[in-house]
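Student: File follows, upload_0.txt with compact mmCIF, C-alpha atoms:
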# COMPACT_ATOMS: atom_id res chain seq x y z
CA MET V 1 -127.27 -13.65 58.95
CA ASP V 2 -129.09 -15.06 62.00
CA VAL V 3 -132.71 -14.76 60.84
CA GLU V 4 -134.09 -15.82 64.23
CA ARG V 5 -132.15 -13.01 65.92
CA TRP V 6 -133.38 -10.55 63.31
CA THR V 7 -137.00 -11.71 63.76
CA PHE V 8 -136.71 -11.26 67.53
CA SER V 9 -135.32 -7.76 67.07
CA LEU V 10 -138.27 -6.91 64.84
CA PHE V 11 -140.53 -6.94 67.88
CA CYS V 12 -138.10 -5.10 70.12
CA ILE V 13 -136.80 -2.12 68.15
CA ARG V 14 -137.49 -0.36 64.91
CA VAL V 15 -136.32 -2.18 61.80
CA THR V 16 -135.98 -0.16 58.61
CA ILE V 17 -137.16 -1.96 55.50
CA PHE V 18 -135.45 -0.66 52.36
CA VAL V 19 -136.99 -1.26 48.94
CA GLY V 20 -134.02 -1.19 46.58
CA CYS V 21 -134.83 -0.17 43.01
CA GLY V 22 -132.89 1.00 39.97
CA PHE V 23 -135.52 1.09 37.24
CA ALA V 24 -138.17 3.65 38.25
CA ALA V 25 -136.63 7.13 38.37
CA LYS V 26 -134.71 6.83 35.12
CA TYR V 27 -137.90 6.44 33.07
CA LEU V 28 -139.77 9.74 32.90
CA ALA V 29 -142.82 8.30 31.13
CA GLY V 30 -143.06 4.82 32.65
CA GLY V 31 -146.16 4.81 34.83
CA GLY V 32 -146.42 1.03 34.84
CA ASN V 33 -142.72 0.66 35.49
CA PHE V 34 -142.91 3.10 38.42
CA SER V 35 -145.92 1.24 39.79
CA VAL V 36 -143.92 -1.92 40.51
CA PRO V 37 -141.88 -0.67 43.52
CA LEU V 38 -144.80 1.58 44.46
CA GLN V 39 -146.87 -1.50 45.31
CA TRP V 40 -144.11 -2.68 47.64
CA MET V 41 -143.99 0.63 49.48
CA LEU V 42 -147.75 0.86 49.84
CA GLY V 43 -147.90 -2.70 51.13
CA LEU V 44 -145.22 -1.95 53.73
CA ARG V 45 -147.16 1.13 54.80
CA ARG V 46 -150.24 -1.02 55.35
CA LEU V 47 -148.07 -3.33 57.49
CA LYS V 48 -147.00 -0.23 59.45
CA ARG V 49 -143.33 -0.86 58.71
CA ASP V 50 -140.66 1.80 58.73
CA ALA V 51 -139.96 1.67 54.99
CA ILE V 52 -137.63 3.66 52.74
CA TRP V 53 -137.65 3.57 48.93
CA LEU V 54 -133.97 3.42 47.94
CA GLU V 55 -133.72 4.37 44.27
CA VAL V 56 -130.50 4.43 42.23
CA LEU V 57 -130.28 7.05 39.49
CA PRO V 58 -127.24 6.85 37.18
CA PRO V 59 -126.24 10.05 35.34
CA SER V 60 -127.54 10.47 31.79
CA GLY V 61 -124.89 13.01 30.79
CA ASN V 62 -127.58 15.68 30.51
CA PRO V 63 -128.01 17.65 33.79
CA ARG V 64 -131.35 19.11 32.66
CA GLU V 65 -132.71 15.63 31.90
CA ASP V 66 -131.47 14.32 35.25
CA ARG V 67 -133.20 17.18 37.07
CA ALA V 68 -136.46 16.37 35.29
CA LYS V 69 -136.17 12.75 36.41
CA ILE V 70 -135.50 13.77 40.00
CA ASP V 71 -138.41 16.21 40.05
CA ASN V 72 -140.75 13.62 38.54
CA PHE V 73 -139.66 10.97 41.05
CA ARG V 74 -140.31 13.28 43.98
CA ARG V 75 -143.64 14.39 42.52
CA GLN V 76 -144.90 10.84 42.15
CA LEU V 77 -143.93 9.93 45.70
CA ARG V 78 -145.68 13.01 47.08
CA ALA V 79 -148.81 12.05 45.16
CA HIS V 80 -148.87 8.72 47.01
CA GLY V 81 -148.08 10.01 50.48
CA LEU V 82 -144.43 8.92 50.44
CA ALA V 83 -142.73 12.33 50.44
CA GLU V 84 -140.69 11.49 53.55
CA ARG V 85 -140.08 7.87 52.62
CA TYR V 86 -137.34 7.83 50.03
CA CYS V 87 -133.65 8.22 49.41
CA LEU V 88 -132.73 8.85 45.79
CA LEU V 89 -129.13 7.78 45.24
CA ARG V 90 -127.86 10.06 42.49
CA GLN V 91 -124.63 8.61 41.15
CA LYS V 92 -121.89 11.03 40.20
CA SER V 93 -120.57 8.66 37.52
CA ALA V 94 -122.02 5.74 35.60
CA ASN V 95 -120.64 2.87 37.63
CA THR V 96 -122.01 -0.58 38.39
CA GLU V 97 -120.45 -0.32 41.84
CA HIS V 98 -122.50 1.61 44.39
CA ASP V 99 -120.25 3.47 46.81
CA LEU V 100 -121.88 6.02 49.12
CA ASP V 101 -118.78 8.23 48.84
CA GLU V 102 -119.62 8.68 45.15
CA ILE V 103 -123.37 9.18 45.61
CA GLU V 104 -125.57 12.17 46.43
CA CYS V 105 -128.54 11.42 48.67
CA ILE V 106 -131.79 13.20 47.81
CA GLY V 107 -134.72 12.78 50.18
CA ILE V 108 -133.53 11.49 53.52
CA SER V 109 -130.01 12.72 54.21
CA LYS V 110 -126.89 10.61 53.95
CA ARG V 111 -126.51 10.96 57.70
CA ASN V 112 -130.03 9.60 58.23
CA LEU V 113 -129.31 6.76 55.82
CA LEU V 114 -126.11 5.83 57.66
CA GLU V 115 -127.94 5.88 61.00
CA ARG V 116 -130.53 3.48 59.64
CA LEU V 117 -127.83 1.24 58.22
CA ALA V 118 -126.21 1.07 61.66
CA ALA V 119 -129.49 -0.11 63.19
CA PRO V 120 -131.51 -3.29 62.40
CA ASN V 121 -132.55 -3.22 58.74
CA THR V 122 -133.59 -5.31 55.77
CA LEU V 123 -133.05 -4.69 52.07
CA LEU V 124 -135.60 -5.97 49.56
CA ASN V 125 -133.34 -5.76 46.52
CA LEU V 126 -135.63 -5.70 43.47
CA SER V 127 -133.94 -7.28 40.44
CA TYR V 128 -130.49 -6.77 41.97
CA SER V 129 -130.74 -2.99 41.89
CA ILE V 130 -128.36 -2.27 44.79
CA HIS V 131 -124.76 -3.45 44.28
CA PRO V 132 -121.66 -3.68 46.50
CA PRO V 133 -120.07 -2.08 48.33
CA LEU V 134 -123.27 -0.35 49.51
CA LEU V 135 -125.14 -3.65 49.39
CA LEU V 136 -122.88 -5.18 52.03
CA ARG V 137 -123.85 -2.52 54.57
CA PHE V 138 -127.35 -3.98 54.97
CA GLU V 139 -127.97 -6.38 57.81
CA ARG V 140 -130.46 -8.66 56.04
CA ARG V 141 -130.21 -8.80 52.25
CA ILE V 142 -133.08 -10.32 50.26
CA PHE V 143 -132.83 -10.73 46.49
CA CYS V 144 -136.28 -10.26 44.90
CA ASP V 145 -136.43 -11.49 41.32
CA LEU V 146 -139.07 -10.00 39.00
CA ASP V 147 -137.98 -11.62 35.71
CA PRO V 148 -137.03 -15.27 36.27
CA SER V 149 -136.02 -16.33 32.77
CA GLU V 150 -133.46 -13.58 32.21
CA ILE V 151 -132.23 -13.36 35.81
CA PHE V 152 -131.73 -17.11 36.07
CA TYR V 153 -129.89 -17.22 32.76
CA TRP V 154 -127.64 -14.30 33.67
CA MET V 155 -126.84 -15.97 36.97
CA THR V 156 -125.22 -18.80 34.98
CA THR V 157 -122.86 -16.40 33.22
CA MET V 158 -122.10 -13.64 35.72
CA GLU V 159 -122.28 -12.56 39.33
CA MET V 160 -125.83 -11.34 39.98
CA GLY V 161 -125.77 -11.21 43.76
CA GLN V 162 -125.60 -14.96 44.35
CA SER V 163 -122.81 -14.54 46.89
CA THR V 164 -123.98 -11.32 48.57
CA HIS V 165 -127.58 -12.00 49.63
CA HIS V 166 -129.00 -14.06 52.48
CA GLU V 167 -132.30 -15.03 50.84
CA PHE V 168 -133.60 -15.39 47.29
CA TRP V 169 -137.24 -14.90 46.29
CA THR V 170 -138.77 -15.04 42.81
CA ILE V 171 -142.12 -14.56 41.09
CA GLY V 172 -141.25 -17.63 39.02
CA LEU V 173 -143.93 -19.67 40.78
CA ASN V 174 -142.80 -22.94 39.19
CA VAL V 175 -139.08 -22.53 39.85
CA ASN V 176 -139.08 -25.60 42.09
CA GLY V 177 -141.49 -27.59 39.91
CA LYS V 178 -140.41 -30.85 38.30
CA ASP V 179 -141.39 -29.56 34.85
CA CYS V 180 -139.44 -26.29 35.19
CA ARG V 181 -136.60 -26.04 32.64
CA LEU V 182 -134.80 -23.01 34.04
CA PRO V 183 -130.99 -23.25 34.06
CA LYS V 184 -129.69 -25.13 37.08
CA SER V 185 -128.69 -22.96 40.00
CA THR V 186 -127.09 -23.47 43.39
CA VAL V 187 -129.39 -20.77 44.77
CA LYS V 188 -132.27 -21.95 46.96
CA TRP V 189 -135.30 -20.00 45.71
CA LYS V 190 -138.53 -19.22 47.53
CA THR V 191 -141.55 -17.95 45.64
CA PHE V 192 -143.99 -15.06 46.01
CA TYR V 193 -146.74 -13.59 43.87
CA PRO V 194 -146.42 -10.28 42.00
CA LEU V 195 -147.60 -7.49 44.27
CA VAL V 196 -150.60 -5.23 43.87
CA ASP V 197 -151.94 -2.96 46.56
CA THR V 198 -155.62 -3.91 46.64
CA ARG V 199 -156.55 -0.80 48.62
CA LEU V 200 -155.12 1.50 45.99
CA MET V 201 -156.45 -0.61 43.12
CA ARG V 202 -160.23 -0.96 43.33
CA ARG V 203 -162.77 -2.86 41.28
CA PHE V 204 -164.34 -0.58 38.68
CA PRO V 205 -167.70 -0.86 36.86
CA ARG V 206 -167.85 -2.36 33.38
CA PRO V 207 -166.41 0.04 30.81
CA ARG V 208 -168.52 1.21 27.89
CA ILE V 209 -166.17 -0.27 25.27
CA ALA V 210 -165.27 -3.98 25.30
CA ARG V 211 -161.56 -3.33 24.94
CA PHE V 212 -158.86 -5.97 25.44
CA THR V 213 -155.43 -4.41 25.82
CA THR V 214 -151.99 -4.65 27.34
CA ILE V 215 -149.00 -2.37 27.90
CA GLY V 216 -145.39 -3.10 27.09
CA GLN V 217 -142.40 -3.02 24.76
CA TRP V 218 -143.02 -4.29 21.22
CA TYR V 219 -139.32 -4.85 20.63
CA TRP V 220 -136.93 -6.46 23.10
CA SER V 221 -133.15 -6.83 22.84
CA GLY V 222 -132.58 -9.16 25.79
CA ALA V 223 -130.53 -12.27 25.03
CA VAL V 224 -131.16 -15.68 26.60
CA GLU V 225 -129.64 -18.89 25.25
CA VAL V 226 -132.06 -21.78 24.79
CA ASP V 227 -130.85 -25.13 23.40
CA GLY V 228 -127.85 -23.47 21.79
CA GLY V 229 -129.79 -20.62 20.19
CA PHE V 230 -130.99 -17.15 21.11
CA PRO V 231 -134.76 -16.90 20.51
CA ASP V 232 -136.61 -13.67 19.82
CA LEU V 233 -138.00 -12.49 23.17
CA SER V 234 -140.02 -9.60 21.77
CA LYS V 235 -143.77 -9.04 22.00
CA LYS V 236 -143.68 -8.69 18.22
CA PHE V 237 -142.69 -12.34 17.93
CA ALA V 238 -144.94 -13.56 20.76
CA PHE V 239 -148.08 -11.90 19.33
CA GLU V 240 -147.62 -13.24 15.82
CA LYS V 241 -149.92 -16.24 16.20
CA TYR V 242 -152.68 -14.11 17.75
CA LEU V 243 -152.84 -11.29 15.21
CA ASP V 244 -156.14 -12.51 13.70
CA LEU V 245 -158.03 -12.09 16.97
CA PRO V 246 -159.77 -8.84 15.88
CA ALA V 247 -161.14 -10.62 12.82
CA ARG V 248 -162.12 -13.70 14.79
CA VAL V 249 -163.94 -11.76 17.55
CA PRO V 250 -165.24 -8.56 15.89
CA GLU V 251 -167.53 -7.76 18.83
CA ALA V 252 -164.43 -6.94 20.90
CA LYS V 253 -161.87 -4.18 20.42
CA PHE V 254 -158.19 -5.10 20.59
CA GLU V 255 -155.60 -2.49 21.50
CA LEU V 256 -151.87 -2.41 22.20
CA ALA V 257 -150.18 0.29 24.26
CA MET V 258 -146.77 -0.29 22.72
CA ASN V 259 -143.91 2.03 21.86
CA ILE V 260 -144.06 1.74 18.07
CA ASN V 261 -142.94 4.78 16.09
CA ARG V 262 -145.44 6.41 13.73
CA ASP V 263 -143.21 5.65 10.74
CA ASP V 264 -142.59 2.01 11.71
CA PRO V 265 -144.09 -0.43 9.15
CA GLU V 266 -145.26 -2.53 12.10
CA LEU V 267 -147.85 0.10 12.92
CA ALA V 268 -149.56 -0.18 9.53
CA ARG V 269 -149.32 -3.98 9.63
CA LEU V 270 -151.05 -4.17 13.01
CA GLN V 271 -153.72 -1.67 12.05
CA LYS V 272 -154.46 -3.63 8.89
CA ARG V 273 -155.08 -6.70 11.06
CA GLY V 274 -157.56 -4.77 13.21
CA TRP V 275 -155.38 -3.75 16.14
CA ARG V 276 -155.45 -0.22 17.53
CA VAL V 277 -152.03 0.96 18.72
CA VAL V 278 -151.63 3.76 21.26
CA ASP V 279 -148.55 5.39 22.74
CA PRO V 280 -147.86 4.04 26.28
CA HIS V 281 -145.95 7.22 27.07
CA ARG V 282 -149.23 9.08 26.65
CA VAL V 283 -151.86 6.72 28.10
CA ALA V 284 -149.69 5.36 30.95
CA ARG V 285 -147.18 8.13 31.52
CA THR V 286 -147.72 8.29 35.30
CA PRO V 287 -148.87 5.69 37.85
CA LYS V 288 -152.27 7.42 37.98
CA LYS V 289 -152.69 7.32 34.19
CA TYR V 290 -151.51 3.72 34.14
CA ARG V 291 -154.19 2.74 36.66
CA ARG V 292 -156.84 4.63 34.72
CA TYR V 293 -155.85 2.95 31.47
CA VAL V 294 -156.12 -0.50 33.06
CA ALA V 295 -159.49 0.37 34.64
CA ASP V 296 -160.86 1.57 31.29
CA ALA V 297 -160.27 -1.86 29.73
CA LEU V 298 -162.63 -4.82 29.84
CA ALA V 299 -159.75 -7.27 30.22
CA GLU V 300 -156.11 -7.83 29.42
CA PHE V 301 -154.96 -9.88 26.48
CA THR V 302 -151.24 -10.47 26.13
CA ALA V 303 -148.73 -12.96 24.79
CA ILE V 304 -145.66 -13.98 26.79
CA LYS V 305 -142.06 -14.16 25.63
CA GLY V 306 -141.46 -17.71 24.51
CA VAL V 307 -138.69 -18.54 26.95
CA ASP V 308 -141.05 -18.28 29.95
CA VAL V 309 -143.49 -20.60 28.18
CA ALA V 310 -140.79 -23.05 27.09
CA TRP V 311 -138.98 -23.10 30.42
CA ARG V 312 -142.22 -23.31 32.45
CA THR V 313 -141.03 -20.62 34.85
CA GLY V 314 -144.46 -20.02 36.37
CA TRP V 315 -144.14 -16.29 35.64
CA VAL V 316 -147.14 -13.97 35.74
CA SER V 317 -146.76 -10.21 35.56
CA ASP V 318 -147.39 -7.48 38.11
CA ARG V 319 -149.43 -5.85 35.34
CA ALA V 320 -151.75 -8.87 35.30
CA ALA V 321 -152.15 -8.52 39.07
CA THR V 322 -153.17 -4.89 38.53
CA PHE V 323 -155.79 -5.89 35.95
CA LEU V 324 -157.20 -8.47 38.36
CA ALA V 325 -157.36 -5.96 41.23
CA CYS V 326 -159.45 -3.65 39.01
CA GLY V 327 -161.82 -6.54 38.33
CA ARG V 328 -160.42 -7.14 34.86
CA PRO V 329 -159.82 -10.77 33.83
CA VAL V 330 -156.61 -11.69 32.04
CA VAL V 331 -156.13 -13.79 28.91
CA THR V 332 -152.49 -14.83 28.68
CA GLU V 333 -150.24 -17.73 27.84
CA GLU V 334 -149.57 -20.49 30.35
CA THR V 335 -146.05 -20.58 31.81
CA GLY V 336 -146.67 -23.21 34.48
CA ALA V 337 -148.36 -20.79 36.89
CA ALA V 338 -151.91 -22.15 36.72
CA LYS V 339 -151.40 -24.88 39.32
CA TYR V 340 -150.34 -22.26 41.90
CA LEU V 341 -153.55 -20.27 41.53
CA PRO V 342 -157.15 -20.87 42.64
CA GLY V 343 -159.31 -22.87 40.23
CA LYS V 344 -161.23 -19.68 39.54
CA SER V 345 -158.62 -16.96 39.37
CA GLY V 346 -159.63 -14.48 36.68
CA PHE V 347 -156.88 -15.89 34.45
CA HIS V 348 -157.62 -17.58 31.14
CA PHE V 349 -154.44 -19.44 30.23
CA VAL V 350 -154.11 -20.22 26.52
CA PHE V 351 -151.69 -21.90 24.13
CA ASP V 352 -153.05 -20.88 20.73
CA GLU V 353 -155.42 -18.57 18.90
CA LYS V 354 -158.43 -20.89 19.16
CA GLN V 355 -158.18 -20.98 22.95
CA ALA V 356 -157.72 -17.20 23.00
CA VAL V 357 -160.86 -16.73 20.90
CA ASP V 358 -162.85 -18.99 23.25
CA SER V 359 -161.57 -17.12 26.31
CA VAL V 360 -162.37 -13.69 24.89
CA ARG V 361 -165.90 -14.82 24.03
CA GLN V 362 -166.38 -16.30 27.50
CA ILE V 363 -165.41 -12.98 29.10
CA LEU V 364 -167.78 -11.08 26.84
CA LEU V 365 -170.65 -13.43 27.72
CA ASP V 366 -170.16 -13.51 31.47
CA TRP V 367 -168.21 -10.38 32.37
CA PRO V 368 -169.83 -9.61 35.76
CA ARG V 369 -168.86 -13.00 37.17
CA GLU V 370 -165.44 -12.87 35.50
CA SER V 371 -164.81 -9.45 37.02
CA LYS V 372 -165.84 -10.58 40.49
CA VAL V 373 -163.59 -13.64 40.35
CA ALA V 374 -160.64 -11.53 39.15
CA ARG V 375 -160.97 -9.10 42.02
CA GLU V 376 -161.33 -11.88 44.58
CA CYS V 377 -158.16 -13.56 43.33
CA ALA V 378 -156.21 -10.29 43.54
CA VAL V 379 -157.23 -9.83 47.17
CA GLU V 380 -156.64 -13.45 48.12
CA VAL V 381 -153.42 -14.13 46.23
CA PHE V 382 -151.65 -11.01 44.93
CA ASP V 383 -152.27 -8.51 47.73
CA SER V 384 -149.07 -6.61 48.51
CA ALA V 385 -149.33 -6.74 52.30
CA LYS V 386 -149.90 -10.51 52.31
CA ASN V 387 -146.90 -11.22 50.09
CA LEU V 388 -144.59 -8.83 51.93
CA ARG V 389 -145.50 -10.39 55.24
CA LYS V 390 -144.55 -13.78 53.76
CA ILE V 391 -141.19 -12.51 52.50
CA LEU V 392 -140.25 -10.64 55.67
CA ASN V 393 -141.15 -13.58 57.89
CA GLY V 394 -138.89 -15.78 55.78
Spit out the file's structure as structure tokens when you get a sec.
Tutor:
Amino acid sequence: MDVERWTFSLFCIRVTIFVGCGFAAKYLAGGGNFSVPLQWMLGLRRLKRDAIWLEVLPPSGNPREDRAKIDNFRRQLRAHGLAERYCLLRQKSANTEHDLDEIECIGISKRNLLERLAAPNTLLNLSYSIHPPLLLRFERRIFCDLDPSEIFYWMTTMEMGQSTHHEFWTIGLNVNGKDCRLPKSTVKWKTFYPLVDTRLMRRFPRPRIARFTTIGQWYWSGAVEVDGGFPDLSKKFAFEKYLDLPARVPEAKFELAMNINRDDPELARLQKRGWRVVDPHRVARTPKKYRRYVADALAEFTAIKGVDVAWRTGWVSDRAATFLACGRPVVTEETGAAKYLPGKSGFHFVFDEKQAVDSVRQILLDWPRESKVARECAVEVFDSAKNLRKILNG
């Protein structure tokens, strides 16, 4: 791909920017999950780009369930002013290959899609969501990695788009750092920050309750080999050394929005240690509820899967960027990202419980300043339009 020719064409004729995604529509109750590609689309709208959300939906085997997912997807896009800005690729069979002859287009028509593919275009392929042969129809193909530890590992064992993209971008901020221990790759990676639309996400006043929370999956089945073994990548394992925080800082409230069943012994164990557990499918079911849940917190506290810490990937989450944009500081483990952020960023990077206790107390003592710094960092560093401009300009 001649990037200089593409850049010149950008100023001459309309270029369609496709945001390729395969993880939003299939989750009916994943407001935070849905919010990831949403930030990309809203950022492109602010840049006044001709953008299309290209979402792959594999069949579940239950037509009624699939219809509910389609209706929910369309409803969420309408709520954010994107009703005319999507093409939902409904697969007729569960296949890792994406062939337009085997796909129904919902939203813009297949004819419209083909016309755009015949004109100058760019695909921002989030986490390798769009596969060949459809992938090869795009003029400029950019791989956008959102989970460096697992993606990099998988790239050592299988084809993950290494040979079918022109550019590779990752939120692993330390991927090119000397201390990064990610598996060696022939791919030349560029880095960007997780996106948050700072016009959608505003700074909110201090909440009434001093609640530290996070949202995620308590259990995780992903497999990554490290030094000949396969470590536990779950939040359950990562949080273990921080479970005494409620007892250590009783003036704060600690909450987890995690999908733990009511009859799971983990629920009673966490509650006994002072943690409140809520259902993420209730408090963050939609993007709007997800934003409200974040805004109602004082700050985020979360632990990171050990492989990102051990490999020094430089990973920080899009969820953390959302907390910052709302003026909520973030207490999290250091993955090698700190050196790529401003000295005052709203992040409190920790390695153990003592540092976590100190950080929580600091936020409680000086929340107005902490909130202001968090918001400023979101605007300066994580803003969606700024990062998309960087990626599109190469």
Student: Residues near region 74-88 of chain V, anyone? I mean within 8 Å using all atoms listed in the file, not counting same-chain ones fewer than 5 positions away, as number ranges by chain.
Tutor: V: 51-57, 104-109, 113, 286-287
Student: For region 242-246 of chain V, work out the shell of residues within 7 Å, counting all atoms listed in the file and skipping chain neighbours fewer than 6 positions away, then give it as a ChimeraX atom specification.
Tutor: /V:253-254,273-275,353,357
Student: Taking into account only C-alpha atoms, which residue in the set V:Phe230, V:Phe382, V:Tyr290, V:Tyr219 is nearest to Gly346 (chain V)?
Tutor: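 When distances to Gly346 (chain V) are compared using only C-alpha atoms, the smallest one comes from V:Phe382.
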Student: Quote the spacing between CA of Ser93 (chain V) and CA of Glu65 (chain V) in Å to one decimal place.
Tutor: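 Interatomic distance here is 15.1 Å.
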Student: So which one's closest to Leu173 (chain V), V:Asp227, V:Glu334, V:Asp264, V:Glu255? Using all atoms listed in the file, please.
Tutor: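 Comparing V:Asp227, V:Glu334, V:Asp264, V:Glu255 against Leu173 (chain V), the winner is V:Glu334.
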Student: CA of Thr16 (chain V) and CA of Phe143 (chain V), how far apart in Å?
Tutor: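 Rounded to one decimal, the two atoms are 16.4 Å apart.
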Student: Quick one, how far is CA of Asp318 (chain V) from CA of Leu195 (chain V)?
Tutor: 6.2 Å
Student: Could you check which of V:Ser359, V:Asn174, V:Ser384, V:Thr96 is closest to Pro37 (chain V), using only C-alpha atoms?
Tutor: V:Ser384
Student: Just the residues within 9 Å of Leu341 (chain V), please, counting only C-alpha atoms, with nothing from its chain fewer than 5 positions along; format it as a VMD selection string.
Tutor: chain V and resid 347 377 381
Student: Box for region 14-24 of chain V: with edges along x, y and z, all listed atoms inside and 5 Å added on each side, what are the centre and edge lengths in Å to one decimal, as AutoDock Vina command-line options?
Tutor:
--center_x -135.5 --center_y 0.7 --center_z 51.1 --size_x 15.3 --size_y 15.8 --size_z 37.7
Student: For Ala210 (chain V), which residue out of V:Phe73, V:Trp311, V:Val249, V:Lys48 is the nearest one, using only C-alpha atoms?
Tutor: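 Closest to Ala210 (chain V) of all the choices is V:Val249.
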Student: Tell me which of V:Arg181, V:His98, V:Arg262, V:Lys110 sits closest to Tyr128 (chain V), counting only C-alpha atoms.
Tutor: V:His98
Student: Pick out the closest residue to Ala303 (chain V) from this set: V:Gly216, V:Pro265, V:Gly343, V:Pro368. Count only C-alpha atoms.
Tutor: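 Selected residue with least distance to Ala303 (chain V): V:Gly216.
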Student: Determine, counting all atoms listed in the file, every residue of protein, DNA or RNA that lies within 12 Å of (-129.4, -14.5, 33.9) in the file coordinates, then give the result as a list in words.
Tutor: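 Residues satisfying the cut-off, written out: Ser127, Tyr128, Asp145, Leu146, Asp147, Pro148, Ser149, Glu150, Ile151, Phe152, Tyr153, Trp154, Met155, Thr156, Thr157, Met158, Glu159, Met160, Gly161, Gln162, Leu182, Pro183, Lys184, Ser185, Gly222, Ala223, Val224, Glu225 and Val226 of chain V.
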Student: Pull the neighbourhood of (-131.7, -1.0, 61.7) for me: all residues within 9 Å in file coordinates, counting only C-alpha atoms, as a compact mmCIF listing (two decimals) with C-alpha atoms, in the frame of the given file.
Tutor:
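Dumped everything to result23.txt:
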# COMPACT_ATOMS: atom_id res chain seq x y z
CA ILE V 13 -136.80 -2.12 68.15
CA ARG V 14 -137.49 -0.36 64.91
CA VAL V 15 -136.32 -2.18 61.80
CA THR V 16 -135.98 -0.16 58.61
CA ILE V 17 -137.16 -1.96 55.50
CA GLU V 115 -127.94 5.88 61.00
CA ARG V 116 -130.53 3.48 59.64
CA LEU V 117 -127.83 1.24 58.22
CA ALA V 118 -126.21 1.07 61.66
CA ALA V 119 -129.49 -0.11 63.19
CA PRO V 120 -131.51 -3.29 62.40
CA ASN V 121 -132.55 -3.22 58.74
CA THR V 122 -133.59 -5.31 55.77
CA PHE V 138 -127.35 -3.98 54.97
CA GLU V 139 -127.97 -6.38 57.81
Student: List as a PyMOL selection string the protein and nucleic acid residues near His166 (chain V), meaning an atom at most 8 Å away when only C-alpha atoms are counted, but skip any in the same chain fewer than 5 places from it.
Tutor: chain V and resi 1+140-143
Student: Need to verify the contact set: Ser345 (chain V), 12 Å, all atoms listed in the file, exclusion of same-chain residues closer than 3 positions in sequence. Can you return it as JSON, numbers by chain?
Tutor: {"V": [320, 321, 323, 324, 325, 327, 328, 329, 330, 331, 337, 338, 339, 340, 341, 342, 348, 349, 369, 370, 371, 372, 373, 374, 375, 376, 377, 378, 379, 380, 381, 382]}
Student: Restore all heavy atoms in region 197-201 of chain V and list the result as an mmCIF file, in the frame of the given file.
Tutor:
data_model
loop_
_atom_site.group_PDB
_atom_site.id
_atom_site.type_symbol
_atom_site.label_atom_id
_atom_site.label_comp_id
_atom_site.auth_asym_id
_atom_site.auth_seq_id
_atom_site.Cartn_x
_atom_site.Cartn_y
_atom_site.Cartn_z
ATOM 1 N N ASP V 197 -151.298 -3.482 45.360
ATOM 2 C CA ASP V 197 -151.940 -2.960 46.560
ATOM 3 C C ASP V 197 -153.446 -2.881 46.314
ATOM 4 O O ASP V 197 -153.916 -2.024 45.562
ATOM 5 C CB ASP V 197 -151.398 -1.578 46.927
ATOM 6 C CG ASP V 197 -151.910 -1.129 48.284
ATOM 7 O OD1 ASP V 197 -151.395 -1.617 49.303
ATOM 8 O OD2 ASP V 197 -152.850 -0.316 48.317
ATOM 9 N N THR V 198 -154.198 -3.785 46.928
ATOM 10 C CA THR V 198 -155.620 -3.910 46.640
ATOM 11 C C THR V 198 -156.460 -2.839 47.330
ATOM 12 O O THR V 198 -157.675 -2.808 47.130
ATOM 13 C CB THR V 198 -156.135 -5.304 47.026
ATOM 14 O OG1 THR V 198 -155.819 -5.582 48.398
ATOM 15 C CG2 THR V 198 -155.491 -6.365 46.143
ATOM 16 N N ARG V 199 -155.833 -1.973 48.100
ATOM 17 C CA ARG V 199 -156.550 -0.800 48.620
ATOM 18 C C ARG V 199 -156.430 0.374 47.663
ATOM 19 O O ARG V 199 -157.342 1.184 47.548
ATOM 20 C CB ARG V 199 -156.041 -0.440 50.006
ATOM 21 C CG ARG V 199 -156.399 -1.483 51.068
ATOM 22 C CD ARG V 199 -156.124 -0.999 52.462
ATOM 23 N NE ARG V 199 -156.414 -2.029 53.446
ATOM 24 C CZ ARG V 199 -156.193 -1.908 54.758
ATOM 25 N NH1 ARG V 199 -155.641 -0.779 55.221
ATOM 26 N NH2 ARG V 199 -156.491 -2.897 55.586
ATOM 27 N N LEU V 200 -155.293 0.466 47.017
ATOM 28 C CA LEU V 200 -155.120 1.500 45.990
ATOM 29 C C LEU V 200 -155.913 1.123 44.740
ATOM 30 O O LEU V 200 -156.605 1.945 44.142
ATOM 31 C CB LEU V 200 -153.643 1.660 45.639
ATOM 32 C CG LEU V 200 -153.332 2.627 44.496
ATOM 33 C CD1 LEU V 200 -153.602 4.065 44.921
ATOM 34 C CD2 LEU V 200 -151.880 2.460 44.039
ATOM 35 N N MET V 201 -155.779 -0.127 44.324
ATOM 36 C CA MET V 201 -156.450 -0.610 43.120
ATOM 37 C C MET V 201 -157.805 -1.186 43.490
ATOM 38 O O MET V 201 -157.884 -2.186 44.208
ATOM 39 C CB MET V 201 -155.598 -1.688 42.432
ATOM 40 C CG MET V 201 -154.194 -1.231 42.082
ATOM 41 S SD MET V 201 -154.157 0.261 41.054
ATOM 42 C CE MET V 201 -155.137 -0.267 39.660
#
